[in-house]
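Chemist: Sharing a structure below in structure tokens format, with a few things to ask.
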Amino acid sequence: MRLRLTALFLMLLMSAAHAAPAPQQVDIPLSSGILHAQLYKPEGEGPFPTVIALHGCGGLGNHSESVLPRYRDWALQLLKAGNAVLLPDSYGSRELGPQCRVKEMHVKARRERVADIAASRAWLMKQSWVARDRVSLIGWANGASALLWAVRPQSAAREAGPDFRAAIAFYPDCRISAGLGWSARVPTLVLIGANDDVSSPPACRQMVDGARGRSALTRIVVYPGAYHDFDRANTPLHAAAGTTDAAAPEHGHLGTDAEARAESQKEVAEWLAR
């Protein structure tokens with residue numbers, strides 16, 4: 001009986017390993033060092049549509065995992081749909097841990113993280129397996145805020161090659177962008193929960209509404225009853241202030257919303273397929 005259970009356990013492990021391919025680490029040159037990134041790539045020679053995925057303030061991975069489950073789940077879903085997925089590690093590459101509760105951040109969304117996005121794009125443009133006209137951006141929280149800076153007309157890439165195909169921002173902090181009269185040069189989708197008290201749904205609505213008529217296509221979806229991290233699986237709703245988790249914001253509430261999570265997966269697939 002024990003041998004049978006052991007064999008079954010090994011079969012399940014093998015099945016899980018087959019279903020969840022391990023990413024490959026790649027090193028991307030920066031003007032001041034190396035940007036480490038994790039790459040999920042479909043089998044074959046391509047060219048593949050490719051998504052640059054930008055982690056939040058908690059970082060991309062930890063000591064035991066190069067990619068946290070919340071980002072791995074999305075990467076595998078995008079991979080299953082035929083996309084390559086590149087996940088730059090903006091904090092780990094600079095030997096930094098989570099930045100959610102750091103008062104003076106050394107890696108800023110509008111500066112270093114925008115530079116990481118540009119470096120990632122430049123690296124992808126040199127890869128033979130990349131469909132160069134189908135490179136898109138997706139980001140969460142701080143990574144989504146970086147995305148908003150990166151798609152502004154003022155941040156247009158200087159290197160040769162097609163611009164980003166599309167951009168998707170999960171619950172960014174829109175307050176500064178809204179005040180600056182933000183606009184986008186590529187189609188940009190903002191996804192946020194109506195009850196998000198970490199970011200600001202009204203500021204995101206103001207930002208998107210203000211861009212109409214002087215921007216590429218922009219759209220916002222506000223999910224009723226959903227909070228920050230609504231797309232993160234298996235996360236009971238809880239107050240961030242009640243935890244000592246350095247990878248969580250200092251205030252607000254976090255938690256899965258099954259309906260918003262499912263709807264956002266459809267929105268992402270449709271926006272990338274445009």
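Each chain in the structure tokens gets a letter, A, B, ..., in the order shown, and its residues are numbered from 1; ligands are numbered from 1 in order too.
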Tell me which protein, DNA and RNA residues are within 7 Å of stretch 18-35 of chain A, counting only C-alpha atoms, leaving out same-chain ones fewer than 6 positions away, and put them as a list in words.
Modeler: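 What passes the distance filter is Pro88, Asp89, Ser90, Ser93, Ala119, Ser120 and Trp123 of chain A.
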Chemist: For the residues selected in the previous step, produce a file with N, CA and C atoms as a tab-separated table (two decimals), in the first residue's frame.
Modeler:
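What follows is the written file again.tsv:
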```
chain	number	residue	atom	x	y	z
A	88	PRO	N	10.94	40.76	-15.70
A	88	PRO	CA	12.15	41.38	-15.14
A	88	PRO	C	12.04	41.52	-13.63
A	89	ASP	N	13.16	41.31	-12.94
A	89	ASP	CA	13.22	41.39	-11.48
A	89	ASP	C	13.89	42.70	-11.09
A	90	SER	N	13.10	43.73	-10.93
A	90	SER	CA	13.66	45.06	-10.69
A	90	SER	C	14.32	45.19	-9.32
A	93	SER	N	17.46	42.15	-8.82
A	93	SER	CA	18.64	42.49	-9.63
A	93	SER	C	19.51	43.54	-8.95
A	119	ALA	N	14.90	48.49	-21.30
A	119	ALA	CA	15.97	47.51	-21.51
A	119	ALA	C	15.39	46.16	-21.91
A	120	SER	N	14.28	45.79	-21.29
A	120	SER	CA	13.63	44.51	-21.63
A	120	SER	C	13.15	44.52	-23.08
A	123	TRP	N	16.12	44.25	-25.45
A	123	TRP	CA	16.63	42.87	-25.49
A	123	TRP	C	15.72	41.99	-26.34
```
Chemist: Contacts between stretch 166-177 of chain A and stretch 137-158 of chain A, please, where a residue of stretch 137-158 of chain A counts if it comes within 8 Å (with only C-alpha atoms); show its shortest atom pair and distance in Å to one decimal, rows by chain and ascending number, as a Markdown table.
Modeler:
```
| residue | atom | partner | partner_atom | distance |
| --- | --- | --- | --- | --- |
| A:Leu137 | CA | A:Ala167 | CA | 4.5 |
| A:Ile138 | CA | A:Ile168 | CA | 4.6 |
| A:Gly139 | CA | A:Ala169 | CA | 5.1 |
| A:Trp140 | CA | A:Phe170 | CA | 4.7 |
| A:Ala141 | CA | A:Pro172 | CA | 4.5 |
| A:Asn142 | CA | A:Pro172 | CA | 6.4 |
| A:Gly143 | CA | A:Pro172 | CA | 7.6 |
| A:Ala144 | CA | A:Ala169 | CA | 4.6 |
| A:Ser145 | CA | A:Pro172 | CA | 4.9 |
| A:Leu147 | CA | A:Ala169 | CA | 6.9 |
| A:Leu148 | CA | A:Ala169 | CA | 7.5 |
| A:Trp149 | CA | A:Ser177 | CA | 8.0 |
| A:Val151 | CA | A:Ala167 | CA | 7.8 |
```
Chemist: For A:Ile220, list every protein, DNA or RNA residue within 12 Å, evaluated using only C-alpha atoms, and leave out those in the same chain fewer than 2 positions away; present the list as a PyMOL selection string.
Modeler: chain A and resi 167-172+174+187-194+201-212+217-218+222-223+264+267+271
Chemist: Between atom CA of A:Ala156 and atom CA of A:Ser200, measure the distance and give it in Å to one decimal.
Modeler: 26.3 Å
